[in-house]
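Novice: Sharing a structure with you now.
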Amino acid sequence: MELSHRSVLITGAGSGIGRALAVGLARYGTRQVLVGRRGHLLMETAVCVRDAGGEAETVMGDITDDAVRTQALQTAVETHGGLDILVNNAGCLAAGRLERMSVEDIRRQIEVDLIAPILLTRDAIPLLRRSDDAVIVNMSSAVALIAIAFYSPYVASKAGMALFSESLRRELYGEGIHVMAVYPNATRTPMMDTTSAGPELGFDYEPPEAVAEAIIAGLCEGAVEVVRDADRRAAMLEANRNRPAEVDARISRKKHLLEAAVANHRSM
């Protein structure tokens, strides 16, 4: 895909991967609609985008709100003439044992991480069809490839995003809209501020800029998926697929440490 001067809509654009991707795409002169809940962070991203050579409009609000999704798409049409790239990046999480998790936290994760992006994508497809070359970027997670304990609703939503992307890619194949799924590792973003899990538990953090660069490379190459650290995790993926009980036993040896490390991990 040629990225120059494309119209882009990014959810969760106030910080982390969303901001890093917005700035990276701005260097191609893209025209962006940035969506997020926190106005001051969203405005900071907009300034960064303009400084990097792009255009930016902001829509502040919760992506689970029908009116916010509608406003975001309308803004893309009214200010940029349409939409070429949709990035479903907004997310939230709450860690802990499922039996102790509130109904509200469970519902919130599924609503933000799975239902809202599906609904936004549904409404964006007619706009994307008007583009000569359109892409939908769906943010999944490495935990959708190998599930981790104490994150079951979050893992469920990200696994849902992975297969939603695969199904939709095949549905739209040959119709001018490509779908790309992204599987980041643990990334040093505000979402991870409340966890103490580190490399000893498999949390090897990378900067959001590295993920953004990989996404941009995937867009340019027409990639089906972007999997971070794919080579290192290949053996684990093979074992998880063919010998899942072995992986269960391996994870269980550090389960008590993981539970303690993520006890306060919450970004809602």
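Residue numbers start at 1 in each chain; chains themselves are named A, B, ... in the order of the structure tokens; ligands are numbered from 1 in the order shown.
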Give me, as CSV, each residue of range 240-266 of chain A that comes within 10 Å of range 93-101 of chain A, together with its shortest interatomic pair and the distance in Å at one decimal, counting only C-alpha atoms, with rows ordered by chain and rising residue number.

Specialist:
residue,atom,partner,partner_atom,distance
A:Leu258,CA,A:Gly96,CA,9.9
A:Glu259,CA,A:Gly96,CA,7.1
A:Ala260,CA,A:Gly96,CA,9.2
A:Val262,CA,A:Ala95,CA,6.3
A:Ala263,CA,A:Gly96,CA,5.9
A:Asn264,CA,A:Ala95,CA,7.3
A:His265,CA,A:Ala95,CA,5.5
A:Arg266,CA,A:Ala94,CA,4.4

Novice: Write out as a PDB file with C-alpha atoms, in the first residue's frame all residues of range 29-220 of chain A that backbone DSSP assigns to strand (DSSP E).

Specialist:
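Okay, this is what ended up in selection_10.pdb:
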ATOM      1  CA  ARG A  31      -4.658  12.946   7.207  1.00  0.00           C
ATOM      2  CA  GLN A  32      -5.825  11.503  10.490  1.00  0.00           C
ATOM      3  CA  VAL A  33      -8.855  11.302  12.753  1.00  0.00           C
ATOM      4  CA  LEU A  34      -7.682  10.515  16.283  1.00  0.00           C
ATOM      5  CA  VAL A  35     -10.175   9.001  18.726  1.00  0.00           C
ATOM      6  CA  GLY A  36      -9.722   8.646  22.481  1.00  0.00           C
ATOM      7  CA  GLU A  55      -2.970  16.488   9.505  1.00  0.00           C
ATOM      8  CA  ALA A  56      -5.048  15.671  12.571  1.00  0.00           C
ATOM      9  CA  GLU A  57      -8.622  16.027  13.761  1.00  0.00           C
ATOM     10  CA  THR A  58      -9.677  14.737  17.166  1.00  0.00           C
ATOM     11  CA  VAL A  59     -12.845  13.053  18.419  1.00  0.00           C
ATOM     12  CA  MET A  60     -12.970  12.686  22.185  1.00  0.00           C
ATOM     13  CA  ILE A  85      -7.166   3.045   6.739  1.00  0.00           C
ATOM     14  CA  LEU A  86      -9.074   2.072   9.889  1.00  0.00           C
ATOM     15  CA  VAL A  87      -6.986   1.141  12.930  1.00  0.00           C
ATOM     16  CA  ASN A  88      -8.909  -0.581  15.730  1.00  0.00           C
ATOM     17  CA  LEU A  93      -7.793  -4.855  30.556  1.00  0.00           C
ATOM     18  CA  ALA A  94      -8.247  -6.086  34.105  1.00  0.00           C
ATOM     19  CA  ALA A 134      -8.211   0.307   1.815  1.00  0.00           C
ATOM     20  CA  VAL A 135      -6.953  -1.495   4.920  1.00  0.00           C
ATOM     21  CA  ILE A 136      -8.444  -2.440   8.277  1.00  0.00           C
ATOM     22  CA  VAL A 137      -5.837  -2.924  11.024  1.00  0.00           C
ATOM     23  CA  ASN A 138      -7.064  -4.910  14.031  1.00  0.00           C
ATOM     24  CA  MET A 139      -5.014  -4.950  17.214  1.00  0.00           C
ATOM     25  CA  ILE A 177     -10.296  -3.867   1.387  1.00  0.00           C
ATOM     26  CA  HIS A 178      -7.445  -5.734   3.053  1.00  0.00           C
ATOM     27  CA  VAL A 179      -7.512  -6.810   6.720  1.00  0.00           C
ATOM     28  CA  MET A 180      -4.335  -7.087   8.792  1.00  0.00           C
ATOM     29  CA  ALA A 181      -4.136  -8.425  12.356  1.00  0.00           C
ATOM     30  CA  VAL A 182      -1.397  -7.281  14.754  1.00  0.00           C
ATOM     31  CA  TYR A 183      -0.063  -9.348  17.660  1.00  0.00           C
TER      32      TYR A 183
END

Novice: Could you tell me which of A:Ala147, A:Glu2, A:Met268, A:Gly174 comes closest to Leu237 in chain A if we count only C-alpha atoms?

Specialist: A:Ala147

Novice: Need the shell around range 8-23 of chain A: protein/DNA/RNA residues with any atom at most 8 Å away, counting only C-alpha atoms. Skip same-chain ones fewer than 3 positions apart. Format as a ChimeraX atom specification?

Specialist: /A:26-27,30-39,41-45,48-49,52,63,72-73,76,83-91,188-191,208-209,211-213,215-216

Novice: Just to be explicit: take each residue in the selection above, keep N, CA and C atoms, and write the result as a tab-separated table (two decimals), in the first residue's frame.

Specialist:
chain	number	residue	atom	x	y	z
A	26	ALA	N	2.20	9.92	10.25
A	26	ALA	CA	2.23	11.35	9.91
A	26	ALA	C	3.40	11.69	9.01
A	27	ARG	N	4.47	10.93	9.10
A	27	ARG	CA	5.65	11.20	8.27
A	27	ARG	C	5.37	10.94	6.78
A	30	THR	N	-0.06	11.73	6.10
A	30	THR	CA	-1.42	11.22	6.22
A	30	THR	C	-2.33	12.24	6.90
A	31	ARG	N	-3.62	12.08	6.64
A	31	ARG	CA	-4.66	12.95	7.21
A	31	ARG	C	-5.44	12.09	8.19
A	32	GLN	N	-5.38	12.43	9.46
A	32	GLN	CA	-5.82	11.50	10.49
A	32	GLN	C	-7.02	12.02	11.30
A	33	VAL	N	-7.84	11.07	11.72
A	33	VAL	CA	-8.86	11.30	12.75
A	33	VAL	C	-8.43	10.48	13.96
A	34	LEU	N	-8.18	11.15	15.06
A	34	LEU	CA	-7.68	10.51	16.28
A	34	LEU	C	-8.82	10.42	17.30
A	35	VAL	N	-9.07	9.23	17.80
A	35	VAL	CA	-10.17	9.00	18.73
A	35	VAL	C	-9.63	8.52	20.06
A	36	GLY	N	-10.15	9.07	21.16
A	36	GLY	CA	-9.72	8.65	22.48
A	36	GLY	C	-10.58	9.27	23.57
A	37	ARG	N	-10.44	8.74	24.77
A	37	ARG	CA	-11.28	9.21	25.89
A	37	ARG	C	-10.69	10.40	26.62
A	38	ARG	N	-9.39	10.58	26.56
A	38	ARG	CA	-8.74	11.61	27.36
A	38	ARG	C	-8.30	12.77	26.46
A	39	GLY	N	-9.02	13.87	26.60
A	39	GLY	CA	-8.85	14.99	25.69
A	39	GLY	C	-7.45	15.55	25.65
A	41	LEU	N	-4.57	14.13	26.34
A	41	LEU	CA	-3.64	13.23	25.67
A	41	LEU	C	-3.89	13.19	24.17
A	42	LEU	N	-5.14	13.24	23.79
A	42	LEU	CA	-5.50	13.25	22.37
A	42	LEU	C	-4.94	14.49	21.69
A	43	MET	N	-5.05	15.63	22.36
A	43	MET	CA	-4.51	16.87	21.79
A	43	MET	C	-2.99	16.82	21.67
A	44	GLU	N	-2.33	16.19	22.64
A	44	GLU	CA	-0.88	16.02	22.56
A	44	GLU	C	-0.51	15.20	21.32
A	45	THR	N	-1.26	14.12	21.09
A	45	THR	CA	-0.99	13.30	19.91
A	45	THR	C	-1.21	14.11	18.64
A	48	CYS	N	1.74	16.22	17.97
A	48	CYS	CA	2.85	15.39	17.48
A	48	CYS	C	2.66	15.03	16.00
A	49	VAL	N	1.43	14.71	15.63
A	49	VAL	CA	1.13	14.36	14.24
A	49	VAL	C	1.41	15.54	13.32
A	52	ALA	N	5.00	16.20	12.82
A	52	ALA	CA	5.66	15.18	12.00
A	52	ALA	C	5.27	15.26	10.53
A	63	ILE	N	-15.19	4.73	22.70
A	63	ILE	CA	-15.45	4.05	21.44
A	63	ILE	C	-16.63	3.09	21.53
A	72	ALA	N	-16.74	9.94	14.57
A	72	ALA	CA	-15.40	9.68	14.04
A	72	ALA	C	-15.44	9.46	12.53
A	73	LEU	N	-16.37	8.66	12.06
A	73	LEU	CA	-16.48	8.38	10.63
A	73	LEU	C	-16.93	9.62	9.87
A	76	ALA	N	-13.99	11.93	9.37
A	76	ALA	CA	-13.10	11.48	8.29
A	76	ALA	C	-13.64	11.92	6.93
A	83	LEU	N	-12.16	7.66	3.79
A	83	LEU	CA	-11.35	6.85	4.70
A	83	LEU	C	-10.63	5.76	3.92
A	84	ASP	N	-9.33	5.65	4.17
A	84	ASP	CA	-8.51	4.62	3.53
A	84	ASP	C	-8.03	3.55	4.52
A	85	ILE	N	-7.73	3.97	5.75
A	85	ILE	CA	-7.17	3.05	6.74
A	85	ILE	C	-7.92	3.20	8.05
A	86	LEU	N	-8.45	2.11	8.56
A	86	LEU	CA	-9.07	2.07	9.89
A	86	LEU	C	-8.19	1.26	10.81
A	87	VAL	N	-7.82	1.85	11.94
A	87	VAL	CA	-6.99	1.14	12.93
A	87	VAL	C	-7.79	0.98	14.21
A	88	ASN	N	-8.19	-0.26	14.49
A	88	ASN	CA	-8.91	-0.58	15.73
A	88	ASN	C	-7.89	-0.89	16.82
A	89	ASN	N	-7.50	0.14	17.55
A	89	ASN	CA	-6.43	0.01	18.53
A	89	ASN	C	-6.88	0.16	19.98
A	90	ALA	N	-8.00	0.83	20.23
A	90	ALA	CA	-8.42	1.09	21.61
A	90	ALA	C	-8.58	-0.22	22.39
A	91	GLY	N	-8.16	-0.21	23.63
A	91	GLY	CA	-8.27	-1.42	24.44
A	91	GLY	C	-8.24	-1.14	25.92
A	188	ARG	N	5.70	-1.25	26.33
A	188	ARG	CA	5.84	-0.26	27.40
A	188	ARG	C	4.89	0.92	27.13
A	189	THR	N	3.65	0.73	27.54
A	189	THR	CA	2.61	1.74	27.37
A	189	THR	C	1.95	2.00	28.73
A	190	PRO	N	1.15	3.06	28.83
A	190	PRO	CA	0.44	3.31	30.10
A	190	PRO	C	-0.44	2.14	30.54
A	191	MET	N	-0.90	1.31	29.61
A	191	MET	CA	-1.72	0.16	29.98
A	191	MET	C	-0.97	-0.81	30.89
A	208	PRO	N	6.62	1.24	22.18
A	208	PRO	CA	5.51	1.29	21.21
A	208	PRO	C	5.95	1.70	19.82
A	209	GLU	N	7.03	2.47	19.74
A	209	GLU	CA	7.53	2.88	18.43
A	209	GLU	C	7.97	1.69	17.58
A	211	VAL	N	6.63	-1.33	17.69
A	211	VAL	CA	5.40	-1.95	17.19
A	211	VAL	C	4.84	-1.13	16.04
A	212	ALA	N	4.83	0.19	16.21
A	212	ALA	CA	4.31	1.07	15.16
A	212	ALA	C	5.10	0.89	13.86
A	213	GLU	N	6.41	0.82	13.95
A	213	GLU	CA	7.24	0.63	12.76
A	213	GLU	C	6.89	-0.69	12.06
A	215	ILE	N	4.00	-2.24	12.18
A	215	ILE	CA	2.67	-2.10	11.57
A	215	ILE	C	2.79	-1.35	10.24
A	216	ILE	N	3.55	-0.28	10.23
A	216	ILE	CA	3.72	0.50	9.01
A	216	ILE	C	4.39	-0.35	7.92

Novice: Please return, as an MDAnalysis selection string, all residues of range 41-266 of chain A that DSSP assigns to alpha helix (DSSP H) on the basis of the backbone.

Specialist: chainID A and resid 41:51 66:80 103:110 116:128 152:171 208:221 230:242 244:252 255:261

Novice: One decimal, in Å: what's the spacing between CA of Ser141 in chain A and CA of Arg69 in chain A?

Specialist: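 Distance between the two atoms: 22.8 Å.
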